[in-house]
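Source file: structure_15.pdb. Holds: PDB, C-alpha atoms, pLDDT in the B column.
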```pdb
ATOM      1  CA  VAL A   1       0.000   0.000   0.000  1.00 88.00           C
ATOM      2  CA  LEU A   2       2.834   2.379   0.894  1.00 87.00           C
ATOM      3  CA  SER A   3       4.622   1.627  -2.386  1.00 88.00           C
ATOM      4  CA  GLU A   4       1.483   2.397  -4.392  1.00 91.00           C
ATOM      5  CA  LYS A   5       0.998   5.684  -2.523  1.00 92.00           C
ATOM      6  CA  ARG A   6       4.634   6.578  -3.200  1.00 92.00           C
ATOM      7  CA  ARG A   7       4.230   5.848  -6.912  1.00 93.00           C
ATOM      8  CA  ALA A   8       1.127   8.033  -7.116  1.00 94.00           C
ATOM      9  CA  ALA A   9       2.797  10.851  -5.161  1.00 92.00           C
ATOM     10  CA  ALA A  10       5.921  10.557  -7.345  1.00 94.00           C
ATOM     11  CA  LYS A  11       3.835  11.013 -10.498  1.00 94.00           C
ATOM     12  CA  ASP A  12       2.030  14.062  -9.081  1.00 93.00           C
ATOM     13  CA  ALA A  13       5.264  15.599  -7.786  1.00 93.00           C
ATOM     14  CA  SER A  14       7.072  14.930 -11.083  1.00 95.00           C
ATOM     15  CA  ASP A  15       4.325  16.729 -13.017  1.00 95.00           C
ATOM     16  CA  ALA A  16       4.402  19.693 -10.618  1.00 94.00           C
ATOM     17  CA  ILE A  17       8.206  19.895 -10.796  1.00 94.00           C
ATOM     18  CA  MET A  18       8.069  19.844 -14.608  1.00 94.00           C
ATOM     19  CA  ASN A  19       5.692  22.848 -14.468  1.00 94.00           C
ATOM     20  CA  GLU A  20       8.130  24.691 -12.201  1.00 92.00           C
ATOM     21  CA  LEU A  21      11.039  23.869 -14.528  1.00 93.00           C
ATOM     22  CA  ALA A  22       9.132  25.271 -17.501  1.00 93.00           C
ATOM     23  CA  TYR A  23       8.610  28.516 -15.549  1.00 91.00           C
ATOM     24  CA  LEU A  24      12.354  28.616 -14.749  1.00 90.00           C
ATOM     25  CA  ASP A  25      13.214  28.569 -18.490  1.00 88.00           C
ATOM     26  CA  MET A  26      13.827  24.824 -18.691  1.00 89.00           C
ATOM     27  CA  PRO A  27      10.800  23.779 -20.789  1.00 89.00           C
ATOM     28  CA  LYS A  28      12.565  20.908 -22.578  1.00 89.00           C
ATOM     29  CA  VAL A  29      14.002  19.269 -19.466  1.00 90.00           C
ATOM     30  CA  LYS A  30      12.356  15.995 -18.546  1.00 93.00           C
ATOM     31  CA  PHE A  31      12.124  15.115 -14.844  1.00 95.00           C
ATOM     32  CA  SER A  32      10.807  12.018 -13.137  1.00 95.00           C
ATOM     33  CA  ILE A  33      10.776  10.504  -9.676  1.00 95.00           C
ATOM     34  CA  ASP A  34      11.293   6.776 -10.165  1.00 94.00           C
ATOM     35  CA  VAL A  35       9.918   4.449  -7.482  1.00 94.00           C
ATOM     36  CA  SER A  36      11.113   0.875  -7.958  1.00 91.00           C
ATOM     37  CA  ASP A  37      11.517  -2.231  -5.825  1.00 90.00           C
ATOM     38  CA  ALA A  38      14.522  -2.115  -3.530  1.00 89.00           C
ATOM     39  CA  LYS A  39      16.747  -5.151  -3.386  1.00 87.00           C
ATOM     40  CA  GLU A  40      16.019  -5.497   0.310  1.00 87.00           C
ATOM     41  CA  LEU A  41      13.759  -4.035   2.965  1.00 86.00           C
ATOM     42  CA  SER A  42      15.215  -1.056   4.844  1.00 84.00           C
ATOM     43  CA  LEU A  43      14.103   1.543   7.379  1.00 85.00           C
ATOM     44  CA  TRP A  44      12.579   3.444   4.436  1.00 79.00           C
ATOM     45  CA  GLY A  45      10.536   0.510   3.180  1.00 83.00           C
ATOM     46  CA  ALA A  46      10.723  -1.751   0.160  1.00 89.00           C
ATOM     47  CA  ASP A  47      11.219   1.024  -2.422  1.00 92.00           C
ATOM     48  CA  LYS A  48      14.185   2.591  -4.159  1.00 91.00           C
ATOM     49  CA  ILE A  49      13.446   6.219  -5.009  1.00 92.00           C
ATOM     50  CA  GLU A  50      15.545   8.055  -7.574  1.00 93.00           C
ATOM     51  CA  PHE A  51      15.287  11.497  -9.183  1.00 94.00           C
ATOM     52  CA  LEU A  52      15.899  11.220 -12.929  1.00 95.00           C
ATOM     53  CA  VAL A  53      16.445  13.982 -15.461  1.00 94.00           C
ATOM     54  CA  ALA A  54      17.139  14.470 -19.157  1.00 93.00           C
ATOM     55  CA  THR A  55      18.477  17.995 -19.650  1.00 87.00           C
ATOM     56  CA  ASN A  56      18.660  17.836 -23.454  1.00 87.00           C
ATOM     57  CA  PRO A  57      16.069  16.629 -25.981  1.00 86.00           C
ATOM     58  CA  GLY A  58      16.573  13.053 -27.115  1.00 88.00           C
ATOM     59  CA  GLU A  59      18.799  12.148 -24.177  1.00 90.00           C
ATOM     60  CA  PRO A  60      17.870   9.283 -21.835  1.00 92.00           C
ATOM     61  CA  MET A  61      16.686   9.911 -18.284  1.00 93.00           C
ATOM     62  CA  MET A  62      19.615   9.577 -15.862  1.00 94.00           C
ATOM     63  CA  PRO A  63      20.138  10.188 -12.124  1.00 93.00           C
ATOM     64  CA  ILE A  64      20.128  13.917 -11.485  1.00 90.00           C
ATOM     65  CA  GLY A  65      23.611  13.954  -9.901  1.00 84.00           C
ATOM     66  CA  ASP A  66      25.133  12.261 -12.948  1.00 88.00           C
ATOM     67  CA  ILE A  67      23.933  14.688 -15.596  1.00 84.00           C
ATOM     68  CA  ALA A  68      22.908  18.160 -14.375  1.00 79.00           C
ATOM     69  CA  SER A  69      25.330  21.097 -14.594  1.00 76.00           C
ATOM     70  CA  GLY A  70      25.660  23.540 -11.683  1.00 74.00           C
ATOM     71  CA  GLY A  71      23.118  26.005 -13.081  1.00 72.00           C
ATOM     72  CA  GLU A  72      20.735  23.237 -14.057  1.00 81.00           C
ATOM     73  CA  MET A  73      21.074  21.623 -10.640  1.00 82.00           C
ATOM     74  CA  ALA A  74      20.311  24.916  -8.895  1.00 80.00           C
ATOM     75  CA  ARG A  75      17.106  25.436 -10.867  1.00 85.00           C
ATOM     76  CA  ILE A  76      16.041  21.802 -10.566  1.00 88.00           C
ATOM     77  CA  MET A  77      16.520  21.953  -6.799  1.00 86.00           C
ATOM     78  CA  LEU A  78      14.562  25.230  -6.660  1.00 87.00           C
ATOM     79  CA  ALA A  79      11.727  23.586  -8.606  1.00 90.00           C
ATOM     80  CA  ILE A  80      11.760  20.594  -6.241  1.00 89.00           C
ATOM     81  CA  ARG A  81      11.849  22.856  -3.184  1.00 85.00           C
ATOM     82  CA  SER A  82       8.969  24.952  -4.577  1.00 84.00           C
ATOM     83  CA  VAL A  83       6.786  21.878  -4.896  1.00 87.00           C
ATOM     84  CA  LEU A  84       7.824  20.356  -1.570  1.00 82.00           C
ATOM     85  CA  ASN A  85       7.380  23.623   0.360  1.00 75.00           C
ATOM     86  CA  GLU A  86       3.660  23.361  -0.336  1.00 66.00           C
ATOM     87  CA  LYS A  87       3.616  19.851   1.144  1.00 68.00           C
ATOM     88  CA  ASP A  88       6.051  19.708   4.034  1.00 69.00           C
ATOM     89  CA  GLY A  89       5.945  23.216   5.498  1.00 66.00           C
ATOM     90  CA  VAL A  90       9.713  23.764   5.687  1.00 72.00           C
ATOM     91  CA  SER A  91      10.323  26.875   7.792  1.00 80.00           C
ATOM     92  CA  SER A  92      13.690  27.861   6.248  1.00 84.00           C
ATOM     93  CA  SER A  93      15.552  27.289   2.988  1.00 82.00           C
ATOM     94  CA  VAL A  94      19.123  28.263   2.107  1.00 86.00           C
ATOM     95  CA  TYR A  95      20.227  28.774  -1.496  1.00 86.00           C
ATOM     96  CA  ASP A  96      23.935  29.318  -2.126  1.00 84.00           C
ATOM     97  CA  GLU A  97      24.716  30.998  -5.444  1.00 83.00           C
ATOM     98  CA  ILE A  98      21.591  29.717  -7.165  1.00 84.00           C
ATOM     99  CA  ASP A  99      22.402  32.187  -9.958  1.00 84.00           C
ATOM    100  CA  THR A 100      25.343  30.101 -11.225  1.00 82.00           C
ATOM    101  CA  GLY A 101      25.249  29.697 -14.998  1.00 80.00           C
ATOM    102  CA  ILE A 102      21.944  31.453 -15.673  1.00 82.00           C
ATOM    103  CA  SER A 103      21.027  34.572 -17.665  1.00 81.00           C
ATOM    104  CA  GLY A 104      19.508  37.809 -16.402  1.00 82.00           C
ATOM    105  CA  LYS A 105      16.008  36.912 -17.608  1.00 87.00           C
ATOM    106  CA  THR A 106      16.156  33.526 -15.906  1.00 88.00           C
ATOM    107  CA  SER A 107      17.684  35.116 -12.777  1.00 90.00           C
ATOM    108  CA  ARG A 108      14.628  37.336 -12.515  1.00 92.00           C
ATOM    109  CA  LYS A 109      12.335  34.301 -12.674  1.00 92.00           C
ATOM    110  CA  VAL A 110      14.451  32.555 -10.026  1.00 92.00           C
ATOM    111  CA  GLY A 111      14.134  35.670  -7.855  1.00 93.00           C
ATOM    112  CA  ILE A 112      10.363  35.736  -8.292  1.00 93.00           C
ATOM    113  CA  LYS A 113      10.182  32.037  -7.352  1.00 91.00           C
ATOM    114  CA  LEU A 114      12.366  32.624  -4.259  1.00 92.00           C
ATOM    115  CA  ARG A 115      10.171  35.547  -3.238  1.00 93.00           C
ATOM    116  CA  SER A 116       7.105  33.338  -3.630  1.00 88.00           C
ATOM    117  CA  ILE A 117       8.660  30.686  -1.377  1.00 86.00           C
ATOM    118  CA  ALA A 118       9.533  33.434   1.128  1.00 88.00           C
ATOM    119  CA  GLU A 119       5.852  34.265   1.537  1.00 86.00           C
ATOM    120  CA  GLY A 120       5.461  31.069   3.571  1.00 82.00           C
ATOM    121  CA  SER A 121       8.936  30.501   5.003  1.00 83.00           C
ATOM    122  CA  GLN A 122      12.309  32.107   5.577  1.00 89.00           C
ATOM    123  CA  VAL A 123      14.611  32.138   2.539  1.00 90.00           C
ATOM    124  CA  ILE A 124      18.308  32.874   2.802  1.00 91.00           C
ATOM    125  CA  CYS A 125      19.982  33.325  -0.575  1.00 91.00           C
ATOM    126  CA  VAL A 126      23.630  34.043  -1.349  1.00 90.00           C
ATOM    127  CA  THR A 127      23.678  35.607  -4.803  1.00 90.00           C
ATOM    128  CA  HIS A 128      25.728  37.757  -7.154  1.00 89.00           C
ATOM    129  CA  SER A 129      22.647  38.525  -9.266  1.00 90.00           C
ATOM    130  CA  ALA A 130      20.964  41.909  -8.931  1.00 91.00           C
ATOM    131  CA  GLN A 131      17.846  40.415 -10.551  1.00 92.00           C
ATOM    132  CA  ILE A 132      17.546  38.053  -7.588  1.00 93.00           C
ATOM    133  CA  ALA A 133      18.873  40.311  -4.820  1.00 93.00           C
ATOM    134  CA  THR A 134      16.562  43.238  -5.556  1.00 93.00           C
ATOM    135  CA  LEU A 135      13.531  41.058  -4.802  1.00 93.00           C
ATOM    136  CA  ALA A 136      14.670  40.402  -1.217  1.00 94.00           C
ATOM    137  CA  ASP A 137      13.165  42.100   1.831  1.00 93.00           C
ATOM    138  CA  VAL A 138      16.499  42.378   3.661  1.00 94.00           C
ATOM    139  CA  HIS A 139      20.050  42.557   2.340  1.00 94.00           C
ATOM    140  CA  PHE A 140      23.289  41.708   4.065  1.00 95.00           C
ATOM    141  CA  LEU A 141      26.753  42.398   2.719  1.00 92.00           C
ATOM    142  CA  ILE A 142      29.368  39.733   3.343  1.00 92.00           C
ATOM    143  CA  THR A 143      32.984  40.838   3.057  1.00 92.00           C
ATOM    144  CA  LYS A 144      36.359  39.190   3.558  1.00 93.00           C
ATOM    145  CA  GLN A 145      39.575  40.850   4.544  1.00 94.00           C
ATOM    146  CA  GLU A 146      43.003  39.721   5.599  1.00 94.00           C
ATOM    147  CA  ILE A 147      44.075  40.644   9.117  1.00 93.00           C
ATOM    148  CA  ASP A 148      47.454  39.507  10.429  1.00 94.00           C
ATOM    149  CA  GLY A 149      47.758  36.959   7.624  1.00 93.00           C
ATOM    150  CA  ARG A 150      44.311  35.384   8.258  1.00 95.00           C
ATOM    151  CA  ALA A 151      41.055  35.746   6.375  1.00 94.00           C
ATOM    152  CA  HIS A 152      38.217  37.309   8.358  1.00 94.00           C
ATOM    153  CA  THR A 153      34.630  37.379   7.173  1.00 95.00           C
ATOM    154  CA  SER A 154      32.090  39.938   8.307  1.00 95.00           C
ATOM    155  CA  ILE A 155      28.406  40.451   7.627  1.00 95.00           C
ATOM    156  CA  ARG A 156      26.225  43.508   8.091  1.00 95.00           C
ATOM    157  CA  ALA A 157      22.721  44.598   7.203  1.00 96.00           C
ATOM    158  CA  LEU A 158      22.398  47.222   4.485  1.00 96.00           C
ATOM    159  CA  ASP A 159      20.170  50.277   4.775  1.00 96.00           C
ATOM    160  CA  THR A 160      18.006  51.461   1.871  1.00 94.00           C
ATOM    161  CA  ASP A 161      20.685  53.605   0.207  1.00 96.00           C
ATOM    162  CA  GLU A 162      23.312  50.872   0.602  1.00 95.00           C
ATOM    163  CA  ARG A 163      20.929  48.347  -0.936  1.00 94.00           C
ATOM    164  CA  ILE A 164      20.579  50.549  -4.022  1.00 94.00           C
ATOM    165  CA  GLU A 165      24.352  51.087  -4.230  1.00 94.00           C
ATOM    166  CA  GLU A 166      25.054  47.360  -3.885  1.00 92.00           C
ATOM    167  CA  ALA A 167      22.512  46.435  -6.569  1.00 92.00           C
ATOM    168  CA  ALA A 168      24.110  49.002  -8.894  1.00 93.00           C
ATOM    169  CA  ARG A 169      27.583  47.656  -8.082  1.00 92.00           C
ATOM    170  CA  ILE A 170      26.505  44.082  -8.887  1.00 88.00           C
ATOM    171  CA  LEU A 171      24.985  45.246 -12.195  1.00 86.00           C
ATOM    172  CA  GLY A 172      28.151  47.321 -12.925  1.00 81.00           C
TER     173      GLY A 172
END
```
Here is a file; write its structure as structure tokens.
Amino acid sequence: VLSEKRRAAAKDASDAIMNELAYLDMPKVKFSIDVSDAKELSLWGADKIEFLVATNPGEPMMPIGDIASGGEMARIMLAIRSVLNEKDGVSSSVYDEIDTGISGKTSRKVGIKLRSIAEGSQVICVTHSAQIATLADVHFLITKQEIDGRAHTSIRALDTDERIEEAARILG
């Protein structure tokens, strides 16, 4: 019974994730959650669950970690998180340089999606994209400097004028 429920949920989630990927400028990517029989019973049941993707037309579905580039992986994970946030009520999500390998137009869509997720939970996003950063409610600037031969990192909140200056600097 559990296996059948997992298969049904996998199909629904796969369809929802494909819709999110289309929004994130990946309309030709194929995504599927494969639920198959595990070789042996484990704490997680009798199923093997694998996320499969084909990032280019005509290519076979393969495990996501074997095929997706950094930028593709970031958007695929954002699509997955978008779908799962509606189901599991995660209170916080952290995205580190989700803008890797994507264009300005796609960055804007990623920013809109992150802002949508932030309506129901806390989102922390490290980005170098003004298209993403300008959609945030709060901005922090992280800087590194060398002191006595050691790297020191600091973080501080930006006020309104500093937010504008930082967005302009990133666009520069």
Mind pulling up the distance from atom CA of Lys5 of chain A to atom CA of Asp47 of chain A?
11.2 Å
Residue by residue, what does the PyMOL selection byres ((chain A and resi 29-40) around 6) grab here? Present the result as an MDAnalysis selection string.
chainID A and resid 7 10 14 26:28 41 46:55
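Rounded to one decimal, atom CA of Gly45 of chain A and atom CA of Ser3 of chain A lie 8.2 Å from each other.
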Measure the distance from atom CA of Ala133 of chain A to atom CA of Ile76 of chain A in Å and round it to one decimal.
19.6 Å
Can you turn the PyMOL selection byres ((chain A and resi 99) around 7) into a concrete residue list for this file, as a PDB file with C-alpha atoms, keeping the file's coordinate frame?
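The resulting result_27.pdb:
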```pdb
ATOM      1  CA  GLY A  71      23.118  26.005 -13.081  1.00 72.00           C
ATOM      2  CA  GLU A  97      24.716  30.998  -5.444  1.00 83.00           C
ATOM      3  CA  ILE A  98      21.591  29.717  -7.165  1.00 84.00           C
ATOM      4  CA  THR A 100      25.343  30.101 -11.225  1.00 82.00           C
ATOM      5  CA  GLY A 101      25.249  29.697 -14.998  1.00 80.00           C
ATOM      6  CA  ILE A 102      21.944  31.453 -15.673  1.00 82.00           C
ATOM      7  CA  SER A 107      17.684  35.116 -12.777  1.00 90.00           C
ATOM      8  CA  THR A 127      23.678  35.607  -4.803  1.00 90.00           C
ATOM      9  CA  SER A 129      22.647  38.525  -9.266  1.00 90.00           C
TER      10      SER A 129
END
```
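Nearest to Val123 of chain A of all the residues A:Ala22, A:Leu135, A:Ile80, A:Leu2 is A:Leu135, based on all atoms listed in the file.
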Could you tell me which residues the PyMOL selection byres ((chain A and resi 109-113) around 9) returns for this structure, as a PyMOL selection string?
chain A and resi 23-25+75+78-79+82+98-99+104-108+114-118+131-136
Looking at all atoms listed in the file, which of A:Asp137, A:Asp96, A:Glu165, A:Asp15 is the one that sits closest to Cys125 of chain A?
A:Asp96
